[in-house]
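Pasted below: work_27.txt, compact mmCIF, C-alpha atoms.
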# COMPACT_ATOMS: atom_id res chain seq x y z
CA MET A 7 0.00 0.00 0.00
CA THR A 8 1.43 3.39 -0.95
CA ALA A 9 1.07 6.50 1.18
CA HIS A 10 -1.80 7.66 -1.05
CA THR A 11 -3.74 4.39 -1.20
CA ALA A 12 -6.74 3.95 1.08
CA GLY A 13 -7.41 0.75 2.93
CA GLU A 14 -10.21 -1.64 2.00
CA LEU A 15 -12.89 -2.11 4.65
CA ALA A 16 -14.81 -5.39 4.55
CA PRO A 17 -18.60 -5.01 4.92
CA SER A 18 -18.58 -7.40 7.90
CA THR A 19 -15.99 -5.23 9.66
CA LEU A 20 -18.03 -2.10 8.97
CA ARG A 21 -21.09 -3.78 10.45
CA GLU A 22 -19.12 -4.68 13.60
CA ARG A 23 -17.89 -1.10 14.00
CA LEU A 24 -21.36 0.34 13.50
CA ALA A 25 -22.88 -2.15 15.93
CA ALA A 26 -20.28 -1.03 18.49
CA GLY A 27 -21.27 2.61 17.92
CA GLU A 28 -17.84 3.68 16.70
CA PRO A 29 -17.93 7.26 15.35
CA MET A 30 -17.22 7.72 11.66
CA THR A 31 -18.43 9.46 8.52
CA LEU A 32 -20.12 7.57 5.71
CA LEU A 33 -19.34 9.46 2.51
CA ASP A 34 -21.76 8.28 -0.17
CA VAL A 35 -20.64 9.07 -3.73
CA ARG A 36 -23.60 7.51 -5.51
CA ASN A 37 -26.21 9.51 -7.40
CA ARG A 38 -28.88 11.17 -5.26
CA GLU A 39 -31.58 8.81 -6.57
CA GLU A 40 -29.57 5.80 -5.43
CA VAL A 41 -28.96 7.30 -2.00
CA GLU A 42 -32.63 8.14 -1.52
CA ARG A 43 -33.66 4.64 -2.57
CA TRP A 44 -31.55 2.92 0.09
CA ARG A 45 -28.50 3.46 2.24
CA ILE A 46 -26.65 2.01 5.21
CA GLU A 47 -28.77 2.68 8.28
CA SER A 48 -27.05 3.49 11.58
CA PRO A 49 -27.68 6.13 14.25
CA SER A 50 -23.98 6.44 15.15
CA VAL A 51 -22.59 7.89 11.93
CA THR A 52 -22.33 11.24 10.22
CA ARG A 53 -23.63 11.16 6.64
CA VAL A 54 -22.17 13.13 3.77
CA HIS A 55 -23.34 12.86 0.16
CA VAL A 56 -21.07 14.10 -2.62
CA PRO A 57 -21.56 12.60 -6.11
CA TYR A 58 -18.54 10.87 -7.61
CA MET A 59 -18.34 13.25 -10.58
CA LYS A 60 -17.57 16.13 -8.22
CA PHE A 61 -14.49 14.26 -7.06
CA VAL A 62 -13.50 13.61 -10.67
CA ALA A 63 -13.64 17.35 -11.32
CA ALA A 64 -11.86 18.16 -8.06
CA GLY A 65 -9.10 15.71 -8.94
CA VAL A 66 -8.27 17.89 -11.92
CA SER A 67 -8.33 21.16 -9.97
CA GLY A 68 -6.72 19.78 -6.83
CA ASP A 69 -9.52 20.87 -4.48
CA VAL A 70 -10.59 17.43 -3.21
CA SER A 71 -10.52 18.29 0.49
CA ASP A 72 -12.93 21.18 -0.15
CA LEU A 73 -15.70 18.67 -0.90
CA VAL A 74 -15.88 17.37 2.67
CA PRO A 75 -16.46 19.42 5.85
CA ALA A 76 -13.30 20.74 7.47
CA ASP A 77 -14.26 19.11 10.78
CA VAL A 78 -15.31 15.79 9.22
CA GLU A 79 -15.47 12.88 11.67
CA GLU A 80 -12.68 10.46 10.80
CA PRO A 81 -12.34 7.80 9.63
CA VAL A 82 -14.29 8.51 6.47
CA VAL A 83 -15.76 5.38 4.88
CA VAL A 84 -16.48 5.95 1.18
CA VAL A 85 -19.43 4.12 -0.36
CA CYS A 86 -20.52 3.52 -3.98
CA PRO A 87 -22.50 0.78 -5.75
CA HIS A 88 -19.67 -1.73 -6.30
CA GLY A 89 -16.59 -0.33 -4.55
CA GLU A 90 -14.75 0.99 -7.61
CA ALA A 91 -15.59 4.70 -7.77
CA SER A 92 -15.39 4.86 -3.98
CA ALA A 93 -11.87 3.40 -4.08
CA GLU A 94 -10.74 6.28 -6.28
CA VAL A 95 -12.34 8.84 -3.96
CA ALA A 96 -10.85 7.23 -0.84
CA ASP A 97 -7.38 7.40 -2.42
CA GLN A 98 -7.93 11.09 -3.21
CA LEU A 99 -8.93 11.77 0.39
CA VAL A 100 -5.89 9.95 1.77
CA ALA A 101 -3.67 11.99 -0.54
CA ALA A 102 -5.30 15.12 0.93
CA GLY A 103 -4.43 13.98 4.46
CA ILE A 104 -7.82 12.58 5.45
CA ASP A 105 -8.15 9.19 7.16
CA ALA A 106 -10.30 7.37 4.63
CA GLU A 107 -11.25 3.79 3.81
CA ASN A 108 -13.14 2.23 0.92
CA LEU A 109 -16.11 -0.05 1.52
CA ALA A 110 -14.96 -3.12 -0.40
CA GLY A 111 -17.60 -4.23 -2.89
CA GLY A 112 -19.77 -1.22 -2.13
CA MET A 113 -23.49 -1.43 -1.48
CA ASP A 114 -23.67 -4.64 -3.48
CA ALA A 115 -21.42 -6.34 -0.93
CA TRP A 116 -23.32 -4.74 1.97
CA ALA A 117 -26.53 -6.29 0.62
CA ARG A 118 -24.88 -9.74 0.67
CA LEU A 119 -24.21 -9.72 4.42
CA TYR A 120 -26.27 -12.41 6.14
CA ASP A 121 -25.96 -13.38 9.81
CA ARG A 122 -27.07 -16.55 11.58
CA THR A 123 -27.71 -16.64 15.33
CA VAL A 124 -29.32 -19.14 17.71
CA VAL A 125 -32.85 -18.22 18.83
CA ALA A 126 -33.67 -21.28 20.95
CA GLU A 127 -31.95 -24.58 21.59
CA ARG A 128 -33.10 -27.70 23.35
CA GLU A 129 -32.02 -31.28 23.14
CA GLY A 130 -32.71 -32.47 19.60
CA ARG A 131 -33.90 -29.09 18.28
CA THR A 132 -32.39 -25.71 17.39
CA VAL A 133 -34.03 -22.64 15.88
CA TYR A 134 -31.69 -20.24 14.09
CA GLN A 135 -32.44 -16.72 12.90
CA TYR A 136 -31.03 -15.31 9.65
CA ARG A 137 -30.72 -11.53 9.44
CA ARG A 138 -29.89 -9.32 6.47
CA PRO A 139 -28.58 -5.99 7.84
CA ALA A 140 -29.14 -4.19 4.53
CA SER A 141 -32.92 -4.64 4.66
CA GLY A 142 -33.84 -6.05 8.05
CA CYS A 143 -35.28 -9.22 6.47
CA LEU A 144 -35.35 -12.15 8.88
CA GLY A 145 -35.57 -15.84 8.06
CA TYR A 146 -35.25 -19.00 10.12
CA ALA A 147 -33.79 -22.49 10.11
CA VAL A 148 -35.43 -25.17 12.22
CA VAL A 149 -33.05 -28.06 12.79
CA GLY A 150 -34.19 -31.39 14.20
CA ASP A 151 -32.59 -34.82 14.20
CA GLY A 152 -30.70 -34.88 10.90
CA GLU A 153 -33.14 -32.54 9.12
CA MET A 154 -33.54 -28.81 8.52
CA ALA A 155 -36.36 -26.55 7.35
CA VAL A 156 -35.73 -22.98 6.17
CA VAL A 157 -38.58 -20.52 6.72
CA ASP A 158 -38.83 -17.41 4.52
CA PRO A 159 -35.60 -18.06 2.59
CA LEU A 160 -34.17 -15.39 0.28
CA ARG A 161 -33.27 -16.39 -3.26
CA ALA A 162 -29.98 -14.48 -2.99
CA PHE A 163 -28.80 -16.84 -0.22
CA VAL A 164 -29.75 -20.30 -1.48
CA ASP A 165 -26.10 -21.39 -1.49
CA ARG A 166 -25.74 -20.16 2.10
CA TYR A 167 -28.60 -22.37 3.32
CA ARG A 168 -27.07 -25.34 1.55
CA SER A 169 -23.65 -24.74 3.06
CA ASP A 170 -25.16 -24.25 6.52
CA ALA A 171 -27.03 -27.54 6.24
CA ALA A 172 -23.77 -29.25 5.25
CA GLU A 173 -21.94 -27.60 8.15
CA LEU A 174 -24.61 -28.75 10.60
CA GLY A 175 -24.59 -32.26 9.11
CA VAL A 176 -28.31 -32.30 8.25
CA ASP A 177 -30.49 -32.72 5.18
CA LEU A 178 -32.54 -29.76 3.98
CA THR A 179 -36.04 -31.22 3.87
CA TYR A 180 -38.42 -28.23 3.77
CA ALA A 181 -38.32 -24.77 2.17
CA VAL A 182 -41.22 -22.75 3.58
CA ASP A 183 -42.75 -19.32 2.96
CA THR A 184 -45.10 -17.81 5.53
CA HIS A 185 -46.92 -15.82 2.82
CA VAL A 186 -46.44 -14.23 -0.62
CA HIS A 187 -43.75 -11.65 0.07
CA ALA A 188 -43.77 -8.16 -1.44
CA ASP A 189 -40.34 -6.96 -0.33
CA HIS A 190 -37.94 -9.71 -1.37
CA VAL A 191 -37.66 -12.51 -3.90
CA SER A 192 -38.51 -15.83 -2.30
CA GLY A 193 -35.89 -18.56 -2.30
CA VAL A 194 -38.36 -21.41 -1.81
CA ARG A 195 -38.44 -22.58 -5.43
CA ALA A 196 -34.69 -22.30 -5.95
CA LEU A 197 -33.88 -23.99 -2.66
CA ALA A 198 -36.28 -26.85 -3.34
CA ALA A 199 -34.87 -27.33 -6.84
CA ALA A 200 -31.27 -27.31 -5.56
CA THR A 201 -31.77 -29.70 -2.64
CA GLY A 202 -34.87 -31.78 -3.23
CA ALA A 203 -36.53 -30.13 -0.23
CA VAL A 204 -40.32 -29.98 -0.19
CA ALA A 205 -41.57 -26.49 -1.12
CA VAL A 206 -44.31 -25.34 1.26
CA LEU A 207 -46.82 -22.48 1.07
CA PRO A 208 -49.96 -21.71 3.07
CA GLN A 209 -53.12 -22.70 1.24
CA GLY A 210 -54.32 -19.10 1.38
CA SER A 211 -51.19 -17.99 -0.45
CA ILE A 212 -51.61 -20.62 -3.14
CA ASP A 213 -55.20 -19.48 -3.60
CA ARG A 214 -53.93 -16.02 -4.63
CA GLY A 215 -53.02 -17.49 -8.01
CA VAL A 216 -49.64 -19.19 -7.69
CA VAL A 217 -48.89 -20.24 -11.26
CA ASP A 218 -46.97 -23.41 -10.38
CA ALA A 219 -49.13 -24.49 -7.46
CA GLU A 220 -48.42 -28.15 -8.16
CA ARG A 221 -44.83 -27.62 -6.97
CA PHE A 222 -45.96 -26.78 -3.44
CA GLU A 223 -47.26 -28.67 -0.46
CA ALA A 224 -50.08 -26.63 1.06
CA VAL A 225 -50.48 -26.09 4.79
CA ALA A 226 -53.42 -24.70 6.73
CA ASP A 227 -54.00 -23.68 10.33
CA GLY A 228 -53.07 -26.55 12.67
CA ASP A 229 -51.14 -28.60 10.11
CA THR A 230 -47.74 -29.88 11.20
CA LEU A 231 -44.44 -30.34 9.41
CA ASP A 232 -42.10 -32.90 10.96
CA VAL A 233 -38.46 -31.79 10.85
CA GLY A 234 -36.40 -34.65 12.26
CA GLY A 235 -38.84 -35.19 15.11
CA THR A 236 -39.39 -31.46 15.71
CA ALA A 237 -42.94 -30.26 15.01
CA MET A 238 -43.57 -27.03 13.13
CA THR A 239 -47.27 -26.31 13.60
CA ALA A 240 -48.94 -23.86 11.21
CA ALA A 241 -50.79 -20.96 12.84
CA ALA A 242 -53.03 -18.71 10.74
CA LEU A 243 -52.12 -15.03 11.34
CA PRO A 244 -53.96 -13.19 8.53
CA GLY A 245 -54.07 -9.44 8.03
CA HIS A 246 -50.92 -8.52 6.17
CA THR A 247 -52.16 -10.98 3.55
CA THR A 248 -55.01 -13.47 3.50
CA GLY A 249 -52.57 -16.38 3.57
CA MET A 250 -50.16 -15.14 6.26
CA THR A 251 -49.29 -18.19 8.39
CA GLY A 252 -46.84 -18.45 11.26
CA PHE A 253 -45.23 -21.58 12.65
CA ASP A 254 -45.07 -22.63 16.28
CA VAL A 255 -41.90 -24.53 17.14
CA ASP A 256 -42.15 -25.66 20.76
CA GLY A 257 -42.88 -22.25 22.26
CA CYS A 258 -41.16 -20.17 19.59
CA LEU A 259 -43.64 -18.58 17.18
CA LEU A 260 -42.30 -17.57 13.76
CA THR A 261 -44.75 -14.77 13.01
CA GLY A 262 -43.67 -13.79 9.50
CA ASP A 263 -45.25 -10.45 8.56
CA SER A 264 -47.91 -10.13 11.26
CA LEU A 265 -46.47 -9.07 14.61
CA PHE A 266 -43.05 -7.38 14.71
CA LEU A 267 -40.99 -6.27 17.71
CA ASP A 268 -41.92 -2.62 17.14
CA GLY A 269 -45.40 -2.87 15.66
CA VAL A 270 -47.48 -4.75 13.13
CA ALA A 271 -47.44 -5.44 9.42
CA ARG A 272 -49.14 -3.14 6.91
CA PRO A 273 -52.36 -4.45 5.31
CA ASP A 274 -52.15 -2.92 1.82
CA LEU A 275 -49.64 -5.04 -0.12
CA GLN A 276 -52.02 -7.71 -1.44
CA GLU A 277 -53.40 -6.86 -4.84
CA GLY A 278 -57.16 -6.40 -4.97
CA ALA A 279 -57.56 -6.44 -1.20
CA ASP A 280 -59.34 -3.82 0.88
CA PRO A 281 -56.65 -2.48 3.29
CA ARG A 282 -59.17 -1.63 6.00
CA GLY A 283 -60.66 -5.10 5.74
CA ARG A 284 -57.20 -6.62 6.00
CA ALA A 285 -56.52 -4.37 9.00
CA ARG A 286 -59.62 -5.74 10.74
CA GLU A 287 -58.28 -9.25 10.05
CA LEU A 288 -54.97 -8.23 11.60
CA TYR A 289 -56.78 -6.82 14.64
CA ALA A 290 -58.50 -10.19 15.06
CA THR A 291 -55.09 -11.85 14.84
CA LEU A 292 -53.82 -9.73 17.74
CA THR A 293 -56.95 -9.84 19.92
CA ASP A 294 -58.17 -13.38 19.25
CA ARG A 295 -55.60 -15.67 17.67
CA LEU A 296 -52.60 -14.37 19.63
CA GLU A 297 -54.68 -13.87 22.77
CA ARG A 298 -54.82 -17.65 23.05
CA VAL A 299 -51.01 -17.90 22.89
CA SER A 300 -48.95 -18.11 26.08
CA GLY A 301 -47.27 -14.86 27.07
CA GLU A 302 -44.02 -16.78 27.51
CA THR A 303 -43.98 -17.60 23.79
CA LEU A 304 -40.95 -16.22 22.03
CA ILE A 305 -42.00 -14.07 19.07
CA ALA A 306 -39.62 -14.39 16.12
CA PRO A 307 -40.77 -11.96 13.39
CA GLY A 308 -40.13 -11.74 9.67
CA HIS A 309 -38.56 -8.26 9.81
CA ALA A 310 -36.59 -6.00 12.10
CA GLU A 311 -35.14 -2.54 11.62
CA ALA A 312 -32.50 -2.44 8.89
CA GLY A 313 -29.00 -1.75 10.11
CA PRO A 314 -26.08 -3.30 11.94
CA GLU A 315 -27.05 -4.86 15.24
CA GLY A 316 -25.29 -6.96 17.83
CA THR A 317 -25.04 -10.72 17.90
CA SER A 318 -28.35 -11.26 19.71
CA PRO A 319 -31.36 -12.43 17.65
CA ALA A 320 -34.30 -10.07 17.12
CA VAL A 321 -36.90 -11.83 19.29
CA ALA A 322 -39.06 -10.99 22.34
CA ARG A 323 -41.55 -12.60 24.70
CA LEU A 324 -45.17 -12.06 23.68
CA ASP A 325 -46.02 -10.62 27.11
CA ASP A 326 -43.23 -8.06 26.73
CA LEU A 327 -44.68 -6.97 23.38
CA ARG A 328 -48.17 -6.77 24.88
CA GLU A 329 -46.83 -4.36 27.50
CA ARG A 330 -44.62 -2.35 25.14
CA LEU A 331 -46.64 -1.92 21.95
CA ALA A 332 -49.50 0.57 21.79
CA VAL A 333 -51.40 -1.55 19.24
CA PHE A 334 -52.36 -4.04 21.96
CA GLY A 335 -54.27 -1.30 23.81
CA MET A 336 -56.24 0.00 20.82
CA ASP A 337 -59.85 -0.69 20.00
CA GLU A 338 -60.62 -1.93 16.51
CA ALA A 339 -61.41 1.47 14.98
CA ALA A 340 -58.22 3.05 16.32
CA PHE A 341 -56.19 0.06 15.23
CA VAL A 342 -57.57 0.14 11.68
CA ASP A 343 -56.73 3.84 11.39
CA HIS A 344 -53.22 3.19 12.71
CA ALA A 345 -52.53 0.16 10.51
CA THR A 346 -53.65 1.90 7.33
CA ARG A 347 -51.37 4.92 7.84
CA VAL A 348 -48.64 3.59 5.58
CA GLY A 349 -45.76 5.14 3.70
CA ALA A 350 -43.98 4.13 0.51
CA GLU A 351 -44.27 0.52 -0.60
CA PRO A 352 -41.22 -1.73 -0.67
CA ALA A 353 -39.15 -1.16 -3.81
CA ASN A 354 -40.66 -2.91 -6.86
CA ALA A 355 -43.40 -4.48 -4.71
CA GLU A 356 -45.76 -5.35 -7.57
CA ARG A 357 -43.03 -7.05 -9.61
CA ILE A 358 -41.72 -8.94 -6.58
CA VAL A 359 -45.20 -10.24 -5.85
CA ALA A 360 -45.49 -11.32 -9.49
CA VAL A 361 -42.17 -13.16 -9.20
CA ASN A 362 -43.21 -14.86 -5.98
CA LEU A 363 -46.50 -15.95 -7.54
CA GLY A 364 -44.51 -17.51 -10.39
CA ARG A 365 -45.77 -15.07 -13.04
CA GLU A 366 -42.27 -13.72 -13.79
CA VAL A 367 -38.93 -15.52 -13.70
CA PRO A 368 -36.03 -13.03 -13.50
CA ASP A 369 -32.43 -14.18 -13.57
CA ASP A 370 -30.36 -14.05 -10.38
CA ASP A 371 -28.87 -10.60 -11.03
CA GLU A 372 -32.24 -9.01 -11.80
CA ALA A 373 -33.86 -10.68 -8.80
CA PHE A 374 -31.11 -9.31 -6.56
CA GLU A 375 -31.55 -5.78 -7.89
CA LEU A 376 -35.34 -5.89 -7.53
CA GLU A 377 -35.26 -6.29 -3.75
CA LEU A 378 -32.58 -3.74 -2.85
CA GLY A 379 -33.85 -1.15 -0.43
CA PRO A 380 -35.81 -1.01 2.84
CA ASN A 381 -38.51 -3.63 3.33
CA ASN A 382 -41.23 -1.09 4.34
CA CYS A 383 -43.60 -3.86 5.45
CA ALA A 384 -44.55 -2.32 8.80
CA ALA A 385 -47.62 -0.16 9.50
CA GLY A 386 -47.86 3.12 11.32
Output the file's structure as C-alpha cells, nothing else.
Amino acid sequence: MTAHTAGELAPSTLRERLAAGEPMTLLDVRNREEVERWRIESPSVTRVHVPYMKFVAAGVSGDVSDLVPADVEEPVVVVCPHGEASAEVADQLVAAGIDAENLAGGMDAWARLYDRTVVAEREGRTVYQYRRPASGCLGYAVVGDGEMAVVDPLRAFVDRYRSDAAELGVDLTYAVDTHVHADHVSGVRALAAATGAVAVLPQGSIDRGVVDAERFEAVADGDTLDVGGTAMTAAALPGHTTGMTGFDVDGCLLTGDSLFLDGVARPDLQEGADPRGRARELYATLTDRLERVSGETLIAPGHAEAGPEGTSPAVARLDDLRERLAVFGMDEAAFVDHATRVGAEPANAERIVAVNLGREVPDDDEAFELELGPNNCAAG
C-alpha cells in the first residue's frame, strides 16, 4: 500500500464497528436517486453525500478536500455501488491527508451480508435466525434430528442455506414461505430445486393465483411439518395478507409479517384487497388468535429494523410486546386507522409479488436488484 492508497474495509468489519457505535463518517458518492432509494442505516454515523463526478472534477483542480467538511469525523468510509468509484475517492482523500477507507464491494457487498444466530436450543432441536442488515429481512432455520427446514428463505442466499445444512450435518427437507412476500424474492423454489426439499406455502397464499401451485405442499392452520422429530405447527395469522401463516416450534412462534418487535405489518400489499378489511383481520389476529397464545412464547418476526445490530437475535416474549406496543391497547377502529397509515411501498413491490406468484422468472442478477432497499412492510 502506498502512502496515497486507502485501505479496504470489509462489509462485515463495517457492520461490527457500526454495531459497536464507533464514530465515523459515511461518505456516499452515488447519485442522489440511489442514496434516496436505500442506504446504510445506523444512528452512530455522520452522513455526507457528494456525487462521484464532483471528485472527478476536483481531482483535476486539486480541491478534493474542499468537498468534505473541514471538521469531518474520521475515519471517512467511502461508499458507492460496487466499490470501484469509492476506491478512487478514498485514495484522493488519503492523498489530501484525510483518514479514509473504501467499503470493499460497495453497497452490493453490503446487501450480501447475512448473519445466523441461535434463537432457541433444546435437546434435539435448534431454531436459528437469519438476518440481512441491509434490509432487516429475517428468516429461520429449524433443525431437528438430521433434518432442517428454512422458513422465509431469500433467493440471494440459497447457497448459504445449503452450506449451513452441510456444516450442521443435516439434510434440507423443507423450504417454507409464511406468505407471498412483497419486499424480497422468495428462495423457496430455488432452494427446493437445488436440494430436493419440499416447497411449502400456506393454502391461502396458493389461492392467490400461484402459477406453479403443483410444486408446493399446502399447509393450513393446525397442520404440522415434521423436521427430524421437531414439530412445526402452522398458525393462521392473517391481516398482512389473506394467507399469512406463522409456525409454532415448541414455544417459539415464527410470526412472518404479522407481529413485529416494534409494531405490526401493513395491510395494503395484497393486490385487490381492501386495506381496512385486511386491518380488521390483523386486529383479530392480535386480539383473538394471539390472545390464546402463552405470554411466555418467544415471538420471532419476519422483519426488524434495517441496520447493523449486535449478535443477539431479534426476538421478544409475547407478554413483553403486549406491554410495550401501543397496538395491543387500541380498540378496533383506532387500530384500523393506525394500521392503514402507511408510507412508501417496498421497492418494486408489484413485480416482486409477481415473481413470488410464479408469473415472472427473473435471472439471479435481476432478482437481486429488484429487492434492494428497505422492506417497508410495517404499519404506522
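Reported to one decimal place, the separation of CA of Cys86 in chain A from CA of Tyr58 in chain A is 8.4 Å.
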Using only C-alpha atoms, find each residue of range 210-318 of chain A with at least one atom at most 6 Å away from an atom of range 370-384 of chain A; report its shortest atom-to-atom pair and that distance in Å (one decimal), sort the rows by chain and rising residue number, and return the result as a Markdown table.
| residue | atom | partner | partner_atom | distance |
| --- | --- | --- | --- | --- |
| A:Val270 | CA | A:Ala384 | CA | 5.8 |
| A:Ala271 | CA | A:Ala384 | CA | 4.3 |
| A:Arg272 | CA | A:Ala384 | CA | 5.0 |
Restricted to C-alpha atoms, what would the selected residues look like written as a PDB file, keeping the file's coordinate frame?
ATOM      1  CA  VAL A 270     -47.480  -4.750  13.130  1.00  0.00           C
ATOM      2  CA  ALA A 271     -47.440  -5.440   9.420  1.00  0.00           C
ATOM      3  CA  ARG A 272     -49.140  -3.140   6.910  1.00  0.00           C
TER       4      ARG A 272
END
Notebook entry, point to check: Leaving out Pro273 in chain A and any residue of its chain fewer than 3 positions from it, which residues lie within 7 Å of it when counting all atoms listed in the file, given as JSON, numbers by chain?
Noted result: {"A": [245, 246, 247, 281, 284, 285, 345, 346]}
Convert the current residue selection to file output with C-alpha atoms, as a JSON list (two decimals), in the coordinates of the input.
[["chain", "number", "residue", "atom", "x", "y", "z"],
["A", 245, "GLY", "CA", -54.07, -9.44, 8.03],
["A", 246, "HIS", "CA", -50.92, -8.52, 6.17],
["A", 247, "THR", "CA", -52.16, -10.98, 3.55],
["A", 281, "PRO", "CA", -56.65, -2.48, 3.29],
["A", 284, "ARG", "CA", -57.20, -6.62, 6.00],
["A", 285, "ALA", "CA", -56.52, -4.37, 9.00],
["A", 345, "ALA", "CA", -52.53, 0.16, 10.51],
["A", 346, "THR", "CA", -53.65, 1.90, 7.33]]
Checklist line | Counting all atoms listed in the file, the option among A:Ala306, A:Arg45, A:Leu178, A:Val149 closest to Arg128 in chain A | finding: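 Closest candidate: A:Val149.
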Can you tell me, as a PDB file with C-alpha atoms, keeping the file's coordinate frame, what residues are no more than 10 Å from Gly257 in chain A when counting all atoms listed in the file, ignoring any on the same chain fewer than 2 positions away?
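Heads up, here's the output in out08.pdb:
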ATOM      1  CA  ALA A 126     -33.670 -21.280  20.950  1.00  0.00           C
ATOM      2  CA  PHE A 253     -45.230 -21.580  12.650  1.00  0.00           C
ATOM      3  CA  ASP A 254     -45.070 -22.630  16.280  1.00  0.00           C
ATOM      4  CA  VAL A 255     -41.900 -24.530  17.140  1.00  0.00           C
ATOM      5  CA  LEU A 259     -43.640 -18.580  17.180  1.00  0.00           C
ATOM      6  CA  LEU A 260     -42.300 -17.570  13.760  1.00  0.00           C
ATOM      7  CA  VAL A 299     -51.010 -17.900  22.890  1.00  0.00           C
ATOM      8  CA  SER A 300     -48.950 -18.110  26.080  1.00  0.00           C
ATOM      9  CA  GLY A 301     -47.270 -14.860  27.070  1.00  0.00           C
ATOM     10  CA  GLU A 302     -44.020 -16.780  27.510  1.00  0.00           C
ATOM     11  CA  THR A 303     -43.980 -17.600  23.790  1.00  0.00           C
ATOM     12  CA  LEU A 304     -40.950 -16.220  22.030  1.00  0.00           C
ATOM     13  CA  ILE A 305     -42.000 -14.070  19.070  1.00  0.00           C
TER      14      ILE A 305
END
